[in-house]
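Asks: The following file, final31.cif, comprises mmCIF, C-alpha atoms:
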data_protein
loop_
_atom_site.label_atom_id
_atom_site.label_comp_id
_atom_site.auth_asym_id
_atom_site.auth_seq_id
_atom_site.Cartn_x
_atom_site.Cartn_y
_atom_site.Cartn_z
CA MET A 1 1.50 8.12 29.32
CA LYS A 2 4.62 9.88 28.19
CA LYS A 3 4.40 10.74 24.56
CA LEU A 4 7.24 8.97 22.81
CA LEU A 5 6.89 10.75 19.53
CA THR A 6 6.35 14.39 18.97
CA TYR A 7 5.38 15.55 15.58
CA GLY A 8 6.50 18.67 13.93
CA PHE A 9 4.93 18.27 10.55
CA ALA A 10 6.20 20.60 7.91
CA LEU A 11 4.64 20.38 4.52
CA LEU A 12 7.34 21.48 2.19
CA SER A 13 6.99 23.53 -0.92
CA GLY A 14 5.80 20.68 -3.11
CA ILE A 15 2.51 19.97 -1.36
CA LEU A 16 0.29 21.84 -3.73
CA LEU A 17 2.29 21.53 -6.92
CA PHE A 18 0.38 21.75 -10.13
CA THR A 19 -2.22 24.17 -8.74
CA SER A 20 -1.43 26.83 -11.31
CA CYS A 21 -2.28 26.66 -15.00
CA THR A 22 -0.56 23.33 -15.47
CA GLU A 23 -2.57 20.15 -15.84
CA LYS A 24 -3.16 18.43 -12.51
CA GLU A 25 -1.70 15.00 -11.95
CA GLU A 26 -4.04 12.23 -10.90
CA TYR A 27 -3.07 9.70 -8.23
CA PRO A 28 -4.81 6.63 -6.78
CA ILE A 29 -7.05 7.31 -3.76
CA GLU A 30 -4.77 5.16 -1.60
CA PRO A 31 -1.88 7.21 -0.26
CA LYS A 32 1.55 6.25 -1.52
CA ILE A 33 4.67 7.08 0.47
CA GLU A 34 8.41 6.93 -0.09
CA PHE A 35 11.10 7.14 2.55
CA GLU A 36 13.24 10.16 1.77
CA ASN A 37 15.52 10.80 4.73
CA PHE A 38 16.28 10.43 8.41
CA LYS A 39 18.42 13.05 10.06
CA LYS A 40 19.39 14.24 13.50
CA ILE A 41 18.27 17.73 14.42
CA ASN A 42 19.48 20.30 16.95
CA ASN A 43 19.77 18.05 19.98
CA ASP A 44 21.07 14.57 20.59
CA SER A 45 17.68 12.98 21.18
CA THR A 46 15.55 13.93 18.19
CA GLY A 47 15.46 12.85 14.58
CA ILE A 48 13.36 13.81 11.59
CA ILE A 49 11.85 11.24 9.23
CA THR A 50 10.98 12.75 5.86
CA LEU A 51 8.38 10.96 3.73
CA SER A 52 7.17 11.99 0.31
CA PHE A 53 3.57 11.18 -0.50
CA THR A 54 0.84 11.24 -3.11
CA ASP A 55 -2.89 10.91 -2.50
CA GLY A 56 -5.61 10.99 -5.14
CA ASP A 57 -8.39 12.35 -2.95
CA GLY A 58 -6.47 14.64 -0.58
CA ASP A 59 -7.78 13.13 2.63
CA ILE A 60 -4.55 12.70 4.57
CA GLY A 61 -4.54 13.81 8.19
CA LEU A 62 -6.82 13.93 11.21
CA SER A 63 -8.24 16.85 13.15
CA ASP A 64 -7.90 17.01 16.93
CA SER A 65 -11.65 16.35 17.08
CA ASP A 66 -11.35 13.09 15.10
CA THR A 67 -11.62 10.83 18.16
CA THR A 68 -14.86 8.94 17.52
CA ASP A 69 -15.51 5.98 15.22
CA PRO A 70 -13.81 5.14 12.98
CA TYR A 71 -10.85 7.05 14.51
CA THR A 72 -10.64 4.94 17.66
CA GLY A 73 -8.82 1.73 18.47
CA ASP A 74 -6.46 0.79 15.66
CA TYR A 75 -7.35 3.94 13.71
CA PHE A 76 -6.78 6.49 16.46
CA TYR A 77 -3.36 6.83 14.82
CA ASN A 78 -2.77 7.47 11.13
CA PHE A 79 1.04 7.24 11.16
CA PHE A 80 2.42 3.81 12.02
CA LEU A 81 6.08 3.18 12.81
CA TYR A 82 7.40 -0.29 13.63
CA VAL A 83 10.98 -0.83 14.78
CA PHE A 84 13.18 -3.77 13.79
CA GLU A 85 16.64 -4.58 15.16
CA LYS A 86 19.30 -6.44 13.23
CA ASN A 87 20.33 -9.81 14.70
CA ASN A 88 22.60 -12.19 12.78
CA GLY A 89 21.74 -10.59 9.47
CA GLN A 90 17.96 -10.79 10.13
CA TYR A 91 15.59 -8.01 11.16
CA ASP A 92 13.53 -8.90 14.23
CA SER A 93 10.54 -6.89 15.39
CA VAL A 94 11.11 -4.89 18.57
CA GLU A 95 8.13 -5.14 20.91
CA THR A 96 7.57 -2.24 23.30
CA ASP A 97 4.79 -1.50 25.78
CA ILE A 98 4.15 1.85 24.14
CA PRO A 99 3.71 2.13 20.35
CA PHE A 100 5.76 4.55 18.27
CA HIS A 101 2.70 5.59 16.25
CA GLY A 102 1.27 9.08 15.90
CA ARG A 103 -1.28 11.33 14.28
CA ILE A 104 -0.62 13.36 11.15
CA PRO A 105 -2.72 16.53 11.39
CA LYS A 106 -5.24 17.36 8.69
CA LEU A 107 -3.54 19.17 5.84
CA LYS A 108 -4.49 22.82 5.56
CA GLY A 109 -5.43 24.37 2.24
CA VAL A 110 -6.29 21.04 0.61
CA GLN A 111 -9.71 20.45 -0.93
CA GLU A 112 -10.99 16.92 -0.34
CA GLY A 113 -11.09 15.09 -3.62
CA GLU A 114 -8.02 16.95 -4.88
CA SER A 115 -4.93 14.99 -5.93
CA ILE A 116 -1.96 16.08 -3.86
CA LYS A 117 1.70 15.34 -3.43
CA GLY A 118 4.34 16.64 -1.07
CA GLU A 119 6.57 15.79 1.86
CA ILE A 120 5.88 15.31 5.54
CA ASP A 121 8.53 15.71 8.24
CA ILE A 122 7.93 13.61 11.34
CA GLU A 123 9.87 14.39 14.50
CA VAL A 124 10.86 11.25 16.41
CA ASP A 125 12.15 11.13 19.98
CA ILE A 126 15.21 8.91 19.57
CA TYR A 127 16.07 9.16 23.27
CA SER A 128 12.82 7.39 24.15
CA MET A 129 13.55 4.72 21.56
CA ASP A 130 17.01 4.25 23.00
CA VAL A 131 15.48 3.72 26.46
CA PHE A 132 12.99 1.11 25.26
CA ILE A 133 15.03 -0.55 22.50
CA PRO A 134 18.19 -2.45 23.46
CA ALA A 135 19.60 -2.47 19.92
CA ASP A 136 22.22 -0.03 18.70
CA SER A 137 20.95 -0.08 15.10
CA VAL A 138 17.41 -0.33 13.77
CA VAL A 139 15.24 0.03 10.69
CA PHE A 140 11.75 1.48 10.63
CA ASP A 141 8.76 0.11 8.72
CA ILE A 142 6.29 2.94 8.15
CA PHE A 143 2.84 3.32 6.63
CA ILE A 144 0.06 5.89 6.86
CA VAL A 145 -3.75 5.70 6.73
CA ASP A 146 -6.00 8.38 5.28
CA ARG A 147 -9.42 9.48 6.63
CA ALA A 148 -11.20 6.94 4.41
CA LEU A 149 -9.02 4.28 6.11
CA HIS A 150 -7.04 3.55 2.94
CA HIS A 151 -3.63 2.18 3.89
CA SER A 152 -0.54 3.35 2.08
CA ASN A 153 2.26 1.08 1.04
CA THR A 154 4.82 0.22 3.73
CA VAL A 155 8.32 1.65 3.38
CA ARG A 156 11.48 0.59 5.17
CA SER A 157 14.17 3.01 6.26
CA PRO A 158 17.84 2.34 5.74
CA LEU A 159 19.78 1.09 8.76
CA ILE A 160 19.82 3.75 11.50
CA ILE A 161 22.62 3.68 14.07
CA LEU A 162 21.09 4.82 17.37
CA ASP A 163 24.50 5.12 19.06
CA SER A 164 25.30 7.97 16.69
CA PHE A 165 22.70 10.05 18.52
#
In structure tokens, what does this structure look like?
Replies:
Amino acid sequence: MKKLLTYGFALLSGILLFTSCTEKEEYPIEPKIEFENFKKINNDSTGIITLSFTDGDGDIGLSDSDTTDPYTGDYFYNFFLYVFEKNNGQYDSVETDIPFHGRIPKLKGVQEGESIKGEIDIEVDIYSMDVFIPADSVVFDIFIVDRALHHSNTVRSPLIILDSF
């Protein structure tokens, strides 16, 4: 199966904020995400989704070896992206044979149980979306799941014009 999404995760400078002498912030154990940005990168077929996140117990991400229960079936992925097209002012779900989900790798340098915050960049193959999605403009609904299977909130992107790619 052709991989529709490739992930180039870059944890930006804020991932381990508050690790110096400052008091550490505490966050709920459920991850919380916010949609920050979507931008085209060097070629016409790839975009980057930037999400900011917090997690109270630092258990975001899966290792390559995380392929047995509970990380099978619905939880093989930990990044979930659903596509909606705009029709007559309404957003309708776009059904495809292949999901646009992926796996966020385990974060390096993070102690489990440690509150963390930062940003994750997710590389998305827009060309593949354009092949499978007839719409010229879409929105994404996105959520993540941590290793304890806690679901984050769901965020919606602003309207994305695929024809501009």
Asks: Of the residues A:Phe143, A:Phe38, A:Arg156, A:Gly56, which is the one nearest to His101 (chain A), using all atoms listed in the file?
Replies: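 With all atoms listed in the file as the atom set, the closest residue is A:Phe143.
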Asks: For CA of Glu123 (chain A) and CA of Gly89 (chain A), quote the distance in Å rounded to one decimal.
Replies: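 If I compute the distance from CA of Glu123 (chain A) to CA of Gly89 (chain A), I get 28.1 Å.
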Asks: List the residues selected by the PyMOL selection byres ((chain A and resi 83) around 7) in the file shown, writing them as an NGL selection string.
Replies: :A and (81-82 or 84-85 or 93-94 or 138-141)
Asks: If the PyMOL selection byres ((chain A and resi 102) around 6) is run on the structure shown, which residues does it catch, given as a list of chain:residue names?
Replies: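 That selection, the PyMOL selection byres ((chain A and resi 102) around 6), comes back as A:Tyr77, A:Phe79, A:His101, A:Arg103.
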Asks: Between A:Asn78, A:Thr72, A:Ser45, A:Asn87, which has the minimum distance to Val124 (chain A) (counting all atoms listed in the file)?
Replies: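 Using all atoms listed in the file, the shortest distance to Val124 (chain A) belongs to A:Ser45.
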Asks: Evaluate the PyMOL selection byres ((chain A and resi 62) around 10) here and jot the selected residues down as a list of chain:residue names.
Replies: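 Those residues are A:Asp59, A:Ile60, A:Gly61, A:Ser63, A:Asp64, A:Ser65, A:Asp66, A:Thr67, A:Tyr71, A:Phe76, A:Tyr77, A:Asn78, A:Arg103, A:Ile104, A:Pro105, A:Lys106, A:Leu107, A:Val145, A:Asp146, A:Arg147.
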Asks: Let me make sure I understand: among A:Glu112, A:Asp136, A:Asp121, A:Asp97, which one has the smallest atom-to-atom distance to Ile160 (chain A) if we use all atoms listed in the file?
Replies: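 That would be A:Asp136, the residue with the smallest distance to Ile160 (chain A).
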Asks: So, with all atoms listed in the file as the atoms that count, which of A:Ile29, A:Leu159, A:Ile98, A:Ile122 lies closest to Ser52 (chain A)?
Replies: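 Smallest separation from Ser52 (chain A) among the options: A:Ile122.
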Asks: Could you please determine the separation between CA of Pro70 (chain A) and CA of Glu119 (chain A) in Å, to one decimal place?
Replies: 25.5 Å
Asks: How far is it from CA of Leu51 (chain A) to CA of Asn37 (chain A), in Å with one decimal?
Replies: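 Distance reported for this atom pair: 7.2 Å.
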